[in-house]
$ cat start_32.txt   # compact mmCIF, C-alpha atoms and all ligand atoms
# COMPACT_ATOMS: atom_id res chain seq x y z
CA MET F 1 0.00 0.00 0.00
CA SER F 2 1.37 3.44 -0.78
CA SER F 3 0.86 6.30 1.65
CA THR F 4 -1.56 8.06 -0.72
CA ASP F 5 -4.35 5.47 -1.10
CA LYS F 6 -6.08 7.04 1.88
CA ASN F 7 -9.67 6.20 1.13
CA LYS F 8 -9.32 2.62 -0.03
CA LYS F 9 -9.86 0.91 3.33
CA GLY F 10 -11.40 1.77 6.69
CA PHE F 11 -9.43 3.69 9.31
CA SER F 12 -8.68 0.76 11.65
CA THR F 13 -7.75 -1.47 8.72
CA ARG F 14 -5.21 1.09 7.57
CA ALA F 15 -4.01 1.74 11.14
CA ILE F 16 -3.22 -1.98 11.42
CA HIS F 17 -2.07 -2.94 7.91
CA ALA F 18 -1.13 0.08 5.79
CA CYS F 19 2.42 0.10 4.43
CA HIS F 20 3.45 -3.07 6.26
CA ASP F 21 7.13 -3.73 5.56
CA LYS F 22 7.17 -7.17 3.95
CA SER F 23 10.95 -7.58 3.86
CA ASP F 24 11.29 -9.67 7.06
CA PRO F 25 12.47 -13.17 5.96
CA TYR F 26 10.68 -14.90 8.88
CA LYS F 27 7.31 -13.22 8.13
CA SER F 28 6.95 -12.07 11.71
CA LEU F 29 3.37 -10.78 12.20
CA THR F 30 4.56 -7.63 13.95
CA SER F 31 7.46 -5.88 12.28
CA PRO F 32 10.91 -6.33 13.83
CA ILE F 33 12.39 -3.44 15.83
CA TYR F 34 15.59 -2.23 14.16
CA MET F 35 17.25 -1.17 17.40
CA THR F 36 20.39 0.19 15.78
CA SER F 37 22.09 3.55 15.53
CA THR F 38 24.03 2.84 12.33
CA PHE F 39 23.94 0.68 9.18
CA GLU F 40 26.85 -1.16 7.59
CA PHE F 41 27.92 -0.26 4.04
CA ALA F 42 29.09 -3.07 1.71
CA THR F 43 31.88 -0.86 0.40
CA ALA F 44 33.35 2.57 1.02
CA GLU F 45 31.96 3.64 -2.36
CA GLU F 46 28.45 2.57 -1.32
CA GLY F 47 28.71 4.65 1.88
CA GLY F 48 29.86 7.67 -0.10
CA ALA F 49 27.07 7.25 -2.64
CA ARG F 50 24.44 7.09 0.10
CA PHE F 51 25.79 10.26 1.72
CA ALA F 52 25.80 11.99 -1.67
CA GLY F 53 22.18 10.97 -2.19
CA GLU F 54 23.11 9.06 -5.34
CA GLU F 55 21.94 5.76 -3.90
CA GLY F 56 19.10 4.78 -1.56
CA GLY F 57 19.56 2.81 1.67
CA TYR F 58 19.90 3.53 5.34
CA ILE F 59 22.92 5.39 6.78
CA TYR F 60 22.33 6.34 10.42
CA THR F 61 19.12 6.36 12.50
CA ARG F 62 19.02 10.17 12.84
CA LEU F 63 18.52 10.22 9.05
CA GLY F 64 16.14 7.24 8.86
CA ASN F 65 15.46 3.74 10.21
CA PRO F 66 13.20 0.94 8.90
CA THR F 67 11.09 0.80 12.10
CA LEU F 68 10.51 4.55 11.98
CA ASN F 69 9.95 4.45 8.22
CA GLU F 70 7.14 1.90 8.43
CA LEU F 71 5.38 3.94 11.13
CA GLU F 72 5.85 7.14 9.10
CA MET F 73 4.30 5.60 5.96
CA ARG F 74 1.32 4.39 7.99
CA LEU F 75 0.76 7.75 9.69
CA ALA F 76 0.98 9.57 6.33
CA ASN F 77 -1.71 7.22 5.05
CA LEU F 78 -3.97 7.93 8.05
CA GLU F 79 -3.60 11.74 7.81
CA GLY F 80 -3.83 11.90 4.02
CA ALA F 81 -0.34 13.44 3.77
CA GLU F 82 2.44 12.82 1.24
CA ALA F 83 5.16 12.45 3.84
CA CYS F 84 5.70 11.92 7.55
CA LEU F 85 8.55 12.19 10.02
CA THR F 86 8.47 10.73 13.52
CA VAL F 87 10.48 12.46 16.26
CA ALA F 88 11.24 12.16 19.98
CA SER F 89 8.38 14.30 21.37
CA GLY F 90 5.63 16.73 20.43
CA MET F 91 7.96 19.62 21.27
CA GLY F 92 10.58 17.97 19.04
CA ALA F 93 8.02 18.02 16.21
CA ILE F 94 7.08 21.68 16.68
CA THR F 95 10.65 22.94 17.03
CA SER F 96 11.92 20.83 14.08
CA VAL F 97 9.26 22.42 11.85
CA PHE F 98 9.93 26.02 12.89
CA TRP F 99 13.73 25.79 12.76
CA SER F 100 13.35 24.47 9.20
CA PHE F 101 11.43 27.43 7.82
CA VAL F 102 11.99 30.67 9.76
CA GLU F 103 14.79 33.22 9.52
CA PRO F 104 15.58 36.39 11.50
CA GLY F 105 13.23 39.16 10.40
CA ASP F 106 10.36 36.78 9.66
CA GLU F 107 7.05 37.02 11.41
CA ILE F 108 4.82 34.21 12.59
CA LEU F 109 1.18 34.54 13.62
CA VAL F 110 0.04 32.12 16.30
CA ASP F 111 -3.24 31.59 18.10
CA GLU F 112 -3.78 32.95 21.60
CA THR F 113 -4.45 29.59 23.23
CA LEU F 114 -1.60 27.10 22.86
CA TYR F 115 -0.07 24.33 24.96
CA GLY F 116 2.14 26.10 27.58
CA CYS F 117 5.55 24.90 26.32
CA THR F 118 4.64 25.71 22.71
CA PHE F 119 3.83 29.22 23.93
CA ALA F 120 7.16 29.30 25.83
CA TYR F 121 9.10 28.18 22.71
CA PHE F 122 7.62 31.04 20.68
CA ARG F 123 8.08 33.61 23.45
CA HIS F 124 11.51 32.61 24.77
CA GLY F 125 12.92 30.58 21.87
CA LEU F 126 12.02 32.00 18.46
CA ALA F 127 11.66 35.61 19.66
CA LYS F 128 15.27 35.54 20.95
CA PHE F 129 16.49 34.80 17.43
CA GLY F 130 14.88 37.80 15.74
CA ILE F 131 11.56 36.28 14.78
CA THR F 132 8.47 38.36 15.51
CA VAL F 133 5.74 36.30 17.14
CA ARG F 134 2.25 37.81 17.29
CA HIS F 135 -0.84 36.29 18.88
CA VAL F 136 -4.15 36.45 17.02
CA ASP F 137 -7.54 35.18 18.20
CA MET F 138 -8.07 32.72 15.35
CA ARG F 139 -11.60 31.80 16.34
CA ASN F 140 -12.56 34.60 13.99
CA PRO F 141 -10.67 34.31 10.66
CA ASP F 142 -11.24 38.05 10.04
CA ASN F 143 -8.76 38.75 12.85
CA LEU F 144 -6.11 37.03 10.73
CA ILE F 145 -6.95 39.11 7.65
CA SER F 146 -6.16 42.33 9.54
CA GLU F 147 -2.86 40.98 10.96
CA ILE F 148 -1.34 38.98 8.12
CA SER F 149 1.23 40.44 5.71
CA SER F 150 3.87 39.36 3.19
CA LYS F 151 6.30 39.09 6.14
CA THR F 152 4.19 36.28 7.67
CA ARG F 153 5.97 32.95 7.13
CA ILE F 154 3.85 30.62 9.27
CA VAL F 155 0.35 30.64 10.75
CA TYR F 156 0.11 28.23 13.69
CA PHE F 157 -2.75 26.96 15.83
CA GLU F 158 -4.25 24.01 17.73
CA THR F 159 -7.86 22.92 17.19
CA PRO F 160 -9.40 22.09 19.61
CA ALA F 161 -6.94 24.23 21.57
CA ASN F 162 -5.30 23.09 24.79
CA PRO F 163 -6.76 23.73 27.37
CA ASN F 164 -9.95 25.71 26.67
CA MET F 165 -11.20 23.81 23.60
CA ARG F 166 -11.36 26.81 21.24
CA ILE F 167 -11.98 25.67 17.66
CA VAL F 168 -10.31 27.20 14.59
CA ASP F 169 -11.75 26.95 11.07
CA ILE F 170 -8.88 25.21 9.25
CA LYS F 171 -10.23 25.80 5.72
CA ALA F 172 -10.90 29.52 6.26
CA ILE F 173 -7.49 30.17 7.88
CA ALA F 174 -5.64 28.21 5.16
CA LYS F 175 -7.26 30.32 2.44
CA ILE F 176 -6.20 33.60 4.08
CA ALA F 177 -2.65 32.38 4.81
CA HIS F 178 -2.10 31.01 1.31
CA ASN F 179 -3.07 34.38 -0.19
CA VAL F 180 0.20 35.81 1.19
CA GLY F 181 2.24 32.61 0.70
CA ALA F 182 2.39 31.70 4.42
CA LYS F 183 2.44 28.07 5.54
CA VAL F 184 -0.32 26.78 7.83
CA VAL F 185 0.85 24.49 10.63
CA VAL F 186 -1.80 22.75 12.76
CA ASP F 187 -1.26 20.87 16.01
CA ASN F 188 -3.71 17.97 15.64
CA THR F 189 -2.85 16.27 18.97
CA TYR F 190 -6.33 16.64 20.51
CA SER F 191 -8.15 15.22 17.48
CA THR F 192 -5.81 12.54 16.09
CA PRO F 193 -6.05 11.59 12.39
CA TYR F 194 -9.17 9.59 13.23
CA LEU F 195 -11.27 12.66 14.11
CA GLN F 196 -9.75 15.38 11.92
CA ASN F 197 -7.43 15.66 8.90
CA PRO F 198 -6.10 19.25 8.66
CA ILE F 199 -4.03 18.58 5.52
CA VAL F 200 -7.14 17.41 3.68
CA LEU F 201 -8.79 20.67 4.84
CA GLY F 202 -5.96 22.83 3.43
CA ALA F 203 -3.21 22.94 6.08
CA ASP F 204 0.40 22.53 4.89
CA ILE F 205 1.90 20.83 7.92
CA VAL F 206 0.44 18.85 10.83
CA VAL F 207 2.21 18.12 14.11
CA HIS F 208 1.20 15.69 16.86
CA SER F 209 2.35 14.88 20.32
CA ALA F 210 2.20 11.09 19.86
CA THR F 211 2.85 10.88 23.60
CA LYS F 212 -0.94 11.26 23.83
CA TYR F 213 -3.64 9.37 21.91
CA LEU F 214 -1.40 7.87 19.20
CA GLY F 215 0.77 6.03 21.73
CA GLY F 216 -2.30 5.84 23.91
CA HIS F 217 -0.93 4.14 27.02
CA GLY F 218 1.03 6.83 28.85
CA ASP F 219 4.28 4.91 28.49
CA LEU F 220 6.27 6.81 25.86
CA MET F 221 7.22 10.21 24.45
CA ALA F 222 6.96 10.75 20.68
CA GLY F 223 6.11 13.36 18.07
CA VAL F 224 4.89 13.30 14.47
CA ILE F 225 5.19 15.73 11.56
CA LEU F 226 3.17 15.42 8.32
CA SER F 227 3.61 17.54 5.19
CA SER F 228 4.28 17.52 1.46
CA ALA F 229 7.31 15.48 0.34
CA GLU F 230 9.08 18.73 -0.59
CA ASP F 231 8.64 20.37 2.83
CA MET F 232 9.64 17.12 4.52
CA GLN F 233 13.04 17.15 2.77
CA GLN F 234 13.77 20.40 4.60
CA ILE F 235 12.27 19.26 7.92
CA ARG F 236 14.10 15.90 7.93
CA TYR F 237 17.48 17.01 6.63
CA VAL F 238 17.66 20.46 8.25
CA GLY F 239 15.12 20.70 11.10
CA LEU F 240 15.70 17.24 12.55
CA LYS F 241 19.18 16.30 11.27
CA ASP F 242 21.00 19.57 11.96
CA MET F 243 18.85 21.71 14.26
CA THR F 244 17.02 19.67 16.92
CA GLY F 245 18.36 16.12 16.62
CA ALA F 246 15.10 15.02 18.25
CA VAL F 247 15.24 11.45 16.91
CA LEU F 248 12.62 8.90 17.95
CA SER F 249 13.90 5.66 19.47
CA PRO F 250 12.97 2.60 17.34
CA MET F 251 11.59 1.00 20.51
CA ASN F 252 9.17 3.89 20.96
CA ALA F 253 8.28 3.80 17.26
CA PHE F 254 7.26 0.17 17.79
CA LEU F 255 5.08 1.20 20.76
CA VAL F 256 3.39 3.97 18.75
CA ALA F 257 2.69 1.48 15.94
CA ARG F 258 1.16 -0.86 18.53
CA GLY F 259 -0.97 1.99 19.87
CA LEU F 260 -2.22 2.87 16.38
CA LYS F 261 -3.80 -0.57 15.98
CA THR F 262 -6.45 0.32 18.58
CA LEU F 263 -6.68 4.07 17.91
CA GLU F 264 -10.18 3.97 16.39
CA LEU F 265 -11.53 1.74 19.18
CA ARG F 266 -9.96 3.86 21.88
CA MET F 267 -11.04 7.19 20.38
CA ASP F 268 -14.64 6.02 20.15
CA ARG F 269 -14.54 5.16 23.85
CA HIS F 270 -12.71 8.40 24.80
CA CYS F 271 -15.36 10.39 22.87
CA ASP F 272 -18.29 8.53 24.51
CA ASN F 273 -16.85 8.92 28.01
CA ALA F 274 -16.09 12.62 27.45
CA GLU F 275 -19.63 13.27 26.26
CA LYS F 276 -21.04 11.66 29.41
CA ILE F 277 -18.68 13.62 31.66
CA ALA F 278 -19.59 16.88 29.90
CA ASP F 279 -23.30 16.18 30.34
CA LEU F 280 -22.82 15.44 34.05
CA LEU F 281 -20.79 18.63 34.58
CA GLU F 282 -23.28 20.78 32.67
CA ALA F 283 -26.13 19.50 34.84
CA SER F 284 -24.25 20.20 38.11
CA LYS F 285 -25.13 23.28 40.18
CA LYS F 286 -21.49 23.49 41.28
CA VAL F 287 -20.27 24.08 37.73
CA ALA F 288 -20.24 27.56 36.14
CA LYS F 289 -19.22 26.65 32.57
CA VAL F 290 -18.28 23.58 30.55
CA TYR F 291 -16.12 23.68 27.42
CA PHE F 292 -16.77 20.61 25.29
CA PRO F 293 -17.37 20.89 21.52
CA GLY F 294 -20.07 18.23 21.62
CA LEU F 295 -22.38 20.30 23.86
CA LYS F 296 -25.13 22.25 22.09
CA SER F 297 -24.32 25.14 24.46
CA PHE F 298 -20.70 25.23 23.20
CA GLU F 299 -20.21 28.43 21.18
CA GLN F 300 -18.46 26.74 18.26
CA HIS F 301 -20.46 23.50 18.29
CA GLU F 302 -21.49 23.81 14.61
CA LEU F 303 -17.93 24.44 13.39
CA ALA F 304 -16.64 21.48 15.41
CA LYS F 305 -19.38 19.30 13.95
CA ALA F 306 -18.47 20.30 10.40
CA GLN F 307 -14.71 19.90 10.84
CA MET F 308 -14.39 16.89 13.12
CA LYS F 309 -15.68 13.33 12.91
CA GLY F 310 -16.26 13.27 16.68
CA PHE F 311 -15.74 15.72 19.54
CA GLY F 312 -12.72 14.11 21.19
CA GLY F 313 -11.90 13.07 24.73
CA MET F 314 -10.99 16.42 26.31
CA ILE F 315 -13.18 18.60 28.50
CA ALA F 316 -12.51 21.83 30.42
CA PHE F 317 -14.76 23.41 33.02
CA GLU F 318 -14.97 26.09 35.67
CA LEU F 319 -16.48 25.62 39.09
CA ASN F 320 -18.56 28.35 40.72
CA GLY F 321 -15.97 28.54 43.48
CA GLY F 322 -13.13 29.37 41.00
CA HIS F 323 -9.49 28.46 41.68
CA GLU F 324 -9.94 27.24 45.27
CA ALA F 325 -12.90 25.03 44.38
CA GLY F 326 -10.95 23.63 41.43
CA LEU F 327 -8.05 22.48 43.60
CA LYS F 328 -10.49 21.02 46.14
CA PHE F 329 -12.18 19.06 43.35
CA LEU F 330 -8.83 17.64 42.20
CA ASN F 331 -7.77 16.69 45.72
CA ASN F 332 -11.00 14.77 46.31
CA LEU F 333 -10.79 12.54 43.24
CA GLU F 334 -10.25 8.87 44.02
CA LEU F 335 -10.29 6.95 40.72
CA CYS F 336 -9.28 9.75 38.36
CA LYS F 337 -5.61 10.72 38.58
CA ILE F 338 -4.24 14.22 39.19
CA ALA F 339 -1.76 14.36 36.32
CA VAL F 340 -0.84 16.32 33.23
CA SER F 341 -0.73 14.69 29.76
CA LEU F 342 -3.78 13.29 28.02
CA GLY F 343 -5.06 10.50 25.83
CA ASP F 344 -4.17 7.71 28.26
CA ALA F 345 -6.32 4.80 29.45
CA GLU F 346 -6.56 6.51 32.87
CA THR F 347 -8.79 9.56 33.32
CA LEU F 348 -6.37 12.43 34.03
CA VAL F 349 -7.36 15.70 35.66
CA GLU F 350 -5.18 18.82 35.95
CA HIS F 351 -5.23 22.55 36.71
CA PRO F 352 -3.87 24.39 33.60
CA ALA F 353 -3.09 27.74 35.30
CA SER F 354 -0.61 26.16 37.74
CA MET F 355 0.48 23.21 35.58
CA THR F 356 0.41 22.91 31.75
CA HIS F 357 -0.16 26.62 31.13
CA SER F 358 2.06 28.06 33.86
CA PRO F 359 4.54 29.45 31.23
CA TYR F 360 1.93 32.14 30.36
CA GLU F 361 1.96 35.35 32.46
CA PRO F 362 -1.19 35.48 34.65
CA GLU F 363 -2.52 38.53 32.73
CA GLU F 364 -2.04 36.73 29.42
CA ARG F 365 -3.90 33.67 30.67
CA LEU F 366 -6.79 35.87 31.67
CA LYS F 367 -6.78 37.71 28.34
CA TYR F 368 -6.68 34.45 26.36
CA GLY F 369 -9.43 32.64 28.24
CA ILE F 370 -7.27 30.33 30.38
CA THR F 371 -8.96 31.23 33.66
CA GLU F 372 -7.43 30.57 37.09
CA GLY F 373 -10.29 28.23 38.02
CA LEU F 374 -10.23 26.16 34.82
CA VAL F 375 -10.01 22.37 35.35
CA ARG F 376 -9.07 20.05 32.46
CA ILE F 377 -10.16 16.43 32.15
CA SER F 378 -8.77 13.83 29.76
CA ALA F 379 -11.50 11.20 29.66
CA GLY F 380 -9.94 7.77 30.01
CA LEU F 381 -11.09 4.34 28.92
CA GLU F 382 -12.53 3.17 32.24
CA ASN F 383 -16.22 2.28 32.54
CA ALA F 384 -18.22 5.50 32.35
CA VAL F 385 -20.29 4.76 35.47
CA ASP F 386 -17.13 4.60 37.58
CA ILE F 387 -15.67 7.84 36.17
CA LEU F 388 -19.00 9.63 36.65
CA ALA F 389 -19.35 8.33 40.23
CA ASP F 390 -15.87 9.61 41.08
CA ILE F 391 -16.51 13.05 39.56
CA GLU F 392 -19.87 13.26 41.32
CA GLN F 393 -18.44 12.45 44.76
CA ALA F 394 -15.58 14.96 44.26
CA LEU F 395 -18.07 17.66 43.18
CA ALA F 396 -20.18 16.98 46.26
CA LYS F 397 -17.18 17.82 48.46
CA VAL F 398 -16.54 21.20 46.78
O1 LIG F 401 6.57 17.06 23.85
P1 LIG F 401 5.26 16.40 24.15
O2 LIG F 401 5.11 15.04 23.53
O3 LIG F 401 4.92 16.45 25.61
O4 LIG F 401 4.12 17.26 23.38
C1 LIG F 401 3.98 18.64 23.50
C2 LIG F 401 2.56 19.01 23.19
C3 LIG F 401 2.27 19.50 21.95
N1 LIG F 401 1.01 19.86 21.61
C4 LIG F 401 0.00 19.72 22.47
C5 LIG F 401 -1.37 20.10 22.04
C6 LIG F 401 0.24 19.20 23.74
O5 LIG F 401 -0.80 19.07 24.57
C7 LIG F 401 1.54 18.84 24.12
C8 LIG F 401 1.86 18.30 25.46
N2 LIG F 401 0.88 18.57 26.43
C9 LIG F 401 0.85 17.92 27.72
C10 LIG F 401 -0.42 18.42 28.44
O6 LIG F 401 -1.04 19.40 27.98
O7 LIG F 401 -0.81 17.81 29.42
C11 LIG F 401 2.14 18.12 28.45
C12 LIG F 401 2.17 17.98 29.90
S1 LIG F 401 3.07 19.35 30.69
$ encode --input "start_32.txt" --output "structure tokens"
Amino acid sequence: MSSTDKNKKGFSTRAIHACHDKSDPYKSLTSPIYMTSTFEFATAEEGGARFAGEEGGYIYTRLGNPTLNELEMRLANLEGAEACLTVASGMGAITSVFWSFVEPGDEILVDETLYGCTFAYFRHGLAKFGITVRHVDMRNPDNLISEISSKTRIVYFETPANPNMRIVDIKAIAKIAHNVGAKVVVDNTYSTPYLQNPIVLGADIVVHSATKYLGGHGDLMAGVILSSAEDMQQIRYVGLKDMTGAVLSPMNAFLVARGLKTLELRMDRHCDNAEKIADLLEASKKVAKVYFPGLKSFEQHELAKAQMKGFGGMIAFELNGGHEAGLKFLNNLELCKIAVSLGDAETLVEHPASMTHSPYEPEERLKYGITEGLVRISAGLENAVDILADIEQALAKV
């Protein structure tokens, strides 16, 4: 199967079988893990030819590895992208993309609500090297029209955004960005390729933290980049090879490939559990506001419905008692874990203002809708009745 025959088979079928490397002489059902840093050349001339790009074949795992390659082909198939690169973490994916395409004097436009370390990379990383970073509320594409210019190299956003679930219209933003020749980069971590395909909707590059749903079991760190074959040349051989060196371990590539086999099953369960949690929270007198794209009361419900196949497993909410009530809620949970990260089998609950989004200044959090009392839930795979009972008893103690 090539990585472009996206619509030929169902999602799970492709997540299990697409681009299976048939070269193993023993016909092992699961592909072998090529746990090696380097590859032997038959002759000195062969080594030289590979380095010169005159001959195919593996050289060194930072430049490519069969275990990583098989996973990359499969992920490209699932996202509907020409090319894929797997890296050591979600931050490795984001930084490898930006270091590949920006130069001092360039400008990038990024959404207001971003994962905290992504925000920190823009603010303290890129800005230090002469790149202007400006925040735009991308919920309304008109805001981008008034900010974008020929200096804009990249437009970047998450949808749904971590942690407050803001949705961005991928098609509308891509049209505006492409008018000035800017690239559109979307962090698709919350949705996974099962629920949303930004490249199919017009984005140029997609990044994932595969630490989350793609791995799915809270036992690895990994990142994914998807783009055109042309952009990937630059990202692989400049961004990854020379700038970040954020190479994925073949062992972790194997674990991500194992996670992918159950991605559709798991996402369906995450989505169902999240919907039930959101309904429970919305009905509670203790809760001031729930942010979940599947709720009819959610401001951007219609856009989410049009753009996503399902509403995902993430929920954010505010208690009437604000910050203090939020911490009390967390401390009274028994089954659900107080932990950052998301997309695991366990239901994980965290407080963005003091944890994942602490790199923002308090005033910026307030301005961008990351309130001090916001609580974030990653719905796990447990039985819904047990999750709901735990949330209910913790709410009762607030
Ligand atoms: O480098 P990582 O694999 O941890 O991925 C970074 C990352 C990138 N994009 C999004 C949308 C993310 O949520 C993340 C990581 N977020 C975790 C969280 O929000 O809980 C990190 C825990 S501090």
$ closest_residue --input "start_32.txt" --among "F:Gly218, F:Pro141, F:Gly80, F:Gly130" --to "Ile167 (chain F)" --atoms "all atoms listed in the file"
F:Pro141
$ closest_atom_pairs --input "start_32.txt" --of "region 160-193 of chain F" --to "region 97-116 of chain F" --cutoff "9 Å" --atoms "only C-alpha atoms" --output "CSV"
residue,atom,partner,partner_atom,distance
F:Ala161,CA,F:Thr113,CA,6.1
F:Asn162,CA,F:Tyr115,CA,5.4
F:Pro163,CA,F:Tyr115,CA,7.1
F:Asn164,CA,F:Thr113,CA,7.6
F:Met165,CA,F:Thr113,CA,8.9
F:Arg166,CA,F:Thr113,CA,7.7
F:Ala182,CA,F:Ile108,CA,8.9
F:Val185,CA,F:Val97,CA,8.7
$ residues_around --input "start_32.txt" --residues "Glu147 (chain F)" --least-positions-apart "3" --cutoff "10 Å" --atoms "all atoms listed in the file" --output "ChimeraX atom specification"
/F:109,134-136,142-144,152
$ residues_around --input "start_32.txt" --residues "Met91 (chain F)" --least-positions-apart "2" --cutoff "8 Å" --atoms "all atoms listed in the file" --output "VMD selection string"
chain F and resid 89 93 to 95 117 to 118 209 223
$ closest_residue --input "start_32.txt" --among "F:Met251, F:Leu29, F:Ile16, F:Leu126" --to "Leu78 (chain F)" --atoms "all atoms listed in the file"
F:Ile16
$ closest_residue --input "start_32.txt" --among "F:Thr132, F:Asn77, F:Thr371, F:Thr13" --to "Leu226 (chain F)" --atoms "all atoms listed in the file"
F:Asn77
$ closest_atom_pairs --input "start_32.txt" --of "chain F" --to "ligand LIG 401 (chain F)" --cutoff "10 Å" --atoms "all atoms listed in the file" --output "CSV"
residue,atom,partner,partner_atom,distance
F:Val87,CA,F:LIG401,O2,9.4
F:Ala88,CA,F:LIG401,O2,7.6
F:Ser89,CA,F:LIG401,O2,4.0
F:Gly90,CA,F:LIG401,O4,3.4
F:Met91,CA,F:LIG401,O1,3.9
F:Gly92,CA,F:LIG401,O1,6.3
F:Ala93,CA,F:LIG401,O1,7.8
F:Ile94,CA,F:LIG401,C3,7.5
F:Thr95,CA,F:LIG401,O1,9.9
F:Leu114,CA,F:LIG401,C5,7.1
F:Tyr115,CA,F:LIG401,C4,5.2
F:Gly116,CA,F:LIG401,O6,7.4
F:Cys117,CA,F:LIG401,C1,7.0
F:Thr118,CA,F:LIG401,C3,6.7
F:Phe157,CA,F:LIG401,C5,9.4
F:Glu158,CA,F:LIG401,C5,6.5
F:Thr159,CA,F:LIG401,C5,8.6
F:Pro160,CA,F:LIG401,C5,8.6
F:Ala161,CA,F:LIG401,C5,7.0
F:Asn162,CA,F:LIG401,C5,5.7
F:Pro163,CA,F:LIG401,O6,7.2
F:Val186,CA,F:LIG401,C5,9.7
F:Asp187,CA,F:LIG401,C5,6.1
F:Asn188,CA,F:LIG401,C5,7.1
F:Thr189,CA,F:LIG401,C5,5.1
F:Tyr190,CA,F:LIG401,C5,6.2
F:Ser191,CA,F:LIG401,C5,9.5
F:Val207,CA,F:LIG401,N1,7.8
F:His208,CA,F:LIG401,N1,6.3
F:Ser209,CA,F:LIG401,O2,4.2
F:Ala210,CA,F:LIG401,O2,6.1
F:Thr211,CA,F:LIG401,O2,4.7
F:Lys212,CA,F:LIG401,O2,7.1
F:Leu220,CA,F:LIG401,O2,8.6
F:Met221,CA,F:LIG401,O2,5.4
F:Ala222,CA,F:LIG401,O2,5.5
F:Gly223,CA,F:LIG401,O2,5.8
F:Val224,CA,F:LIG401,O2,9.2
F:Ala339,CA,F:LIG401,O7,7.8
F:Val340,CA,F:LIG401,O7,4.1
F:Ser341,CA,F:LIG401,O7,3.1
F:Leu342,CA,F:LIG401,O7,5.6
F:Gly343,CA,F:LIG401,O7,9.2
F:Leu348,CA,F:LIG401,O7,9.0
F:Val349,CA,F:LIG401,O7,9.3
F:Glu350,CA,F:LIG401,O7,7.9
F:His351,CA,F:LIG401,O7,9.8
F:Pro352,CA,F:LIG401,O6,8.0
F:Met355,CA,F:LIG401,S1,6.7
F:Thr356,CA,F:LIG401,S1,4.6
F:His357,CA,F:LIG401,O6,7.9
F:Ser358,CA,F:LIG401,S1,9.3
F:Arg376,CA,F:LIG401,O7,9.1
F:Ile377,CA,F:LIG401,O7,9.8
F:Ser378,CA,F:LIG401,O7,8.9
$ atom_distance --input "start_32.txt" --atom1 "CA of Lys171 (chain F)" --atom2 "CA of Leu201 (chain F)"
5.4 Å
$ closest_residue --input "start_32.txt" --among "F:Ile33, F:Ala42, F:Val256, F:Val180" --to "Leu71 (chain F)" --atoms "all atoms listed in the file"
F:Val256
$ closest_residue --input "start_32.txt" --among "F:Asn331, F:Pro32, F:Phe41, F:Arg62" --to "Tyr237 (chain F)" --atoms "only C-alpha atoms"
F:Arg62
$ residues_around --input "start_32.txt" --residues "Lys328 (chain F)" --least-positions-apart "4" --cutoff "7 Å" --atoms "all atoms listed in the file" --output "list of chain:residue names"
F:Glu324, F:Asn332, F:Val398
